[in-house]
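One structure is given below, encoded as structure tokens.
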Amino acid sequence: MSQSIALITGGSRGLGRNAALHLARQGTGIIITYLSRGEEAAAAVAEIEALGGKAAALQLDAGETTQFASFADRLSDTLEKTWGRSTFDFLVNNAGMGINATFAETTEEQFDRLMNVHLKGVFFLTQRLLPLIADGGRILNVSSGLARFSLPGYAAYGTMKGAIEVLTRYLAKELGPRGIS
């Protein structure tokens, strides 16, 4: 059986990097995305390779849907060149950013950026990548406790994370016939 491969958006730092390192230690091949900190992405790849794993980093603005077609092409090339495969097994939609602004102070620009990264981007990136996700694969959409409890200053962020939880339930129903959970 070939090595499992995970794509982790926002995998160059924080929770995404920790997930990448954990999966790499389990023998999973890793592809991470990063927005602007290429040096952090390169360091994460080097750390995975030092563990004996295979890894790659691809630049992606997870909130910019116009990039998704070219990203899918670059991902396909990376899968073929690095692993000799045309599919990957695990998609971890982790990329994100936050704002701390009260409901009354949240601007439309802040709301739109949160929406684009945390919901619209997840929806359409996952849709674009469906042909590359192996049957029997897994999709993990990272949420937050702020979808279930409320703190002042996080109305917009919590709303996006609540929406991602609803989307996840729909993906489970619609992708179940392919064995994707």
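Chain lettering (A, B, ...) mirrors the order of the structure tokens, residue numbering begins at 1 for each chain separately, and ligand numbering begins at 1 in order of display.
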
Considering only C-alpha atoms, return as JSON, numbers by chain whatever protein or nucleic-acid residues lie within 12 Å of Asp61 in chain A, sequence-local ones (same chain, fewer than 4 positions apart) excluded. {"A": [9, 10, 33, 34, 35, 36, 37, 65, 66, 67, 68, 70, 71, 95, 96, 97, 113, 116, 117, 118, 121, 122, 125]}

Distance query range 167-180 of chain A at most 9 Å, only C-alpha atoms, self and fewer than 3 positions along chain excluded, as a list in words: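 Contacts, with the query itself left out: Leu119, Phe123, Ile133, Ala134, Asp135, Gly136, Gly137, Arg138, Ile139, Leu140, Asn141, Gly162, Ala163 and Ile164 of chain A.
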
So that I have them on file, write out the residues from the current selection with all heavy atoms, as a compact mmCIF listing (two decimals), in the first residue's frame.
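Saved file out-v7.txt follows:
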```txt
# COMPACT_ATOMS: atom_id res chain seq x y z
N LEU A 119 -15.02 30.16 5.62
CA LEU A 119 -16.20 29.47 5.11
C LEU A 119 -16.17 29.34 3.58
O LEU A 119 -16.11 28.23 3.06
CB LEU A 119 -17.48 30.17 5.56
CG LEU A 119 -18.79 29.48 5.13
CD1 LEU A 119 -18.86 28.05 5.63
CD2 LEU A 119 -19.98 30.29 5.61
N PHE A 123 -15.28 25.91 1.59
CA PHE A 123 -16.30 25.33 0.72
C PHE A 123 -15.74 25.09 -0.69
O PHE A 123 -15.78 23.98 -1.21
CB PHE A 123 -17.51 26.27 0.66
CG PHE A 123 -18.72 25.69 -0.03
CD1 PHE A 123 -19.80 25.24 0.72
CD2 PHE A 123 -18.80 25.62 -1.41
CE1 PHE A 123 -20.93 24.72 0.08
CE2 PHE A 123 -19.92 25.11 -2.05
CZ PHE A 123 -20.98 24.65 -1.29
N ILE A 133 -9.02 13.94 -3.98
CA ILE A 133 -9.14 13.23 -2.71
C ILE A 133 -9.49 11.78 -2.99
O ILE A 133 -10.47 11.48 -3.68
CB ILE A 133 -10.19 13.88 -1.80
CG1 ILE A 133 -9.80 15.34 -1.48
CG2 ILE A 133 -10.35 13.08 -0.50
CD1 ILE A 133 -10.87 16.13 -0.74
N ALA A 134 -8.68 10.88 -2.47
CA ALA A 134 -8.88 9.45 -2.71
C ALA A 134 -10.18 8.98 -2.09
O ALA A 134 -10.57 9.44 -1.01
CB ALA A 134 -7.71 8.66 -2.14
N ASP A 135 -10.87 8.06 -2.76
CA ASP A 135 -12.02 7.41 -2.15
C ASP A 135 -11.56 6.78 -0.84
O ASP A 135 -10.47 6.22 -0.76
CB ASP A 135 -12.60 6.34 -3.07
CG ASP A 135 -13.32 6.93 -4.29
OD1 ASP A 135 -13.54 8.16 -4.32
OD2 ASP A 135 -13.66 6.16 -5.19
N GLY A 136 -12.39 6.89 0.18
CA GLY A 136 -12.02 6.41 1.50
C GLY A 136 -11.22 7.42 2.30
O GLY A 136 -10.78 7.13 3.41
N GLY A 137 -11.03 8.61 1.75
CA GLY A 137 -10.26 9.65 2.42
C GLY A 137 -11.01 10.32 3.56
O GLY A 137 -12.14 9.92 3.90
N ARG A 138 -10.40 11.31 4.12
CA ARG A 138 -10.97 12.03 5.25
C ARG A 138 -10.82 13.53 5.04
O ARG A 138 -9.82 13.99 4.51
CB ARG A 138 -10.25 11.65 6.56
CG ARG A 138 -10.25 10.16 6.87
CD ARG A 138 -11.65 9.69 7.27
NE ARG A 138 -11.68 8.29 7.59
CZ ARG A 138 -12.13 7.35 6.78
NH1 ARG A 138 -12.55 7.64 5.56
NH2 ARG A 138 -12.17 6.09 7.16
N ILE A 139 -11.83 14.28 5.51
CA ILE A 139 -11.78 15.74 5.51
C ILE A 139 -12.01 16.20 6.93
O ILE A 139 -13.00 15.80 7.57
CB ILE A 139 -12.84 16.35 4.57
CG1 ILE A 139 -12.60 15.89 3.13
CG2 ILE A 139 -12.83 17.88 4.66
CD1 ILE A 139 -13.72 16.27 2.16
N LEU A 140 -11.11 17.01 7.43
CA LEU A 140 -11.25 17.58 8.76
C LEU A 140 -11.33 19.10 8.62
O LEU A 140 -10.40 19.73 8.11
CB LEU A 140 -10.05 17.21 9.64
CG LEU A 140 -10.00 17.88 11.02
CD1 LEU A 140 -11.14 17.38 11.90
CD2 LEU A 140 -8.67 17.62 11.69
N ASN A 141 -12.46 19.66 9.02
CA ASN A 141 -12.64 21.11 9.02
C ASN A 141 -12.47 21.60 10.45
O ASN A 141 -13.26 21.27 11.32
CB ASN A 141 -14.03 21.47 8.49
CG ASN A 141 -14.21 21.08 7.04
OD1 ASN A 141 -13.28 21.18 6.24
ND2 ASN A 141 -15.39 20.62 6.69
N GLY A 162 -19.35 28.24 13.35
CA GLY A 162 -20.63 27.53 13.41
C GLY A 162 -21.07 27.07 12.04
O GLY A 162 -21.55 25.94 11.86
N ALA A 163 -20.89 27.92 11.04
CA ALA A 163 -21.25 27.56 9.67
C ALA A 163 -20.40 26.40 9.16
O ALA A 163 -20.89 25.52 8.44
CB ALA A 163 -21.11 28.78 8.76
N ILE A 164 -19.11 26.37 9.53
CA ILE A 164 -18.22 25.29 9.09
C ILE A 164 -18.68 23.96 9.68
O ILE A 164 -18.57 22.92 9.05
CB ILE A 164 -16.76 25.63 9.44
CG1 ILE A 164 -15.82 25.66 8.24
CG2 ILE A 164 -16.14 24.67 10.39
CD1 ILE A 164 -16.19 25.56 6.91
```

Which of range 15-161 of chain A DSSP labels helix (DSSP H, G or I), written as a PyMOL selection string: chain A and resi 15-25+38-50+65-83+108-132+145-147+155-161

Test item, strand (DSSP E) assignment across range 79-152 of chain A, answer as number ranges by chain: A: 88-93, 133-141

Any idea what the distance is between CA of Thr106 in chain A and CA of Gly158 in chain A?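 CA of Thr106 in chain A sits 12.7 Å away from CA of Gly158 in chain A.
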
Tell me, as a PyMOL selection string, which residues lie within 7 Å of Ala6 in chain A, counting only C-alpha atoms; anything in the same chain fewer than 6 positions away does not count. chain A and resi 28-31+88-91

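CA of Gly84 in chain A is found 23.7 Å from CA of Ala43 in chain A.
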
Counting only C-alpha atoms, figure out which residue out of A:Asn94, A:Glu109, A:Gly53, A:Glu40 gets nearest to Ser4 in chain A.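 Using only C-alpha atoms, Ser4 in chain A sits closest to A:Gly53.
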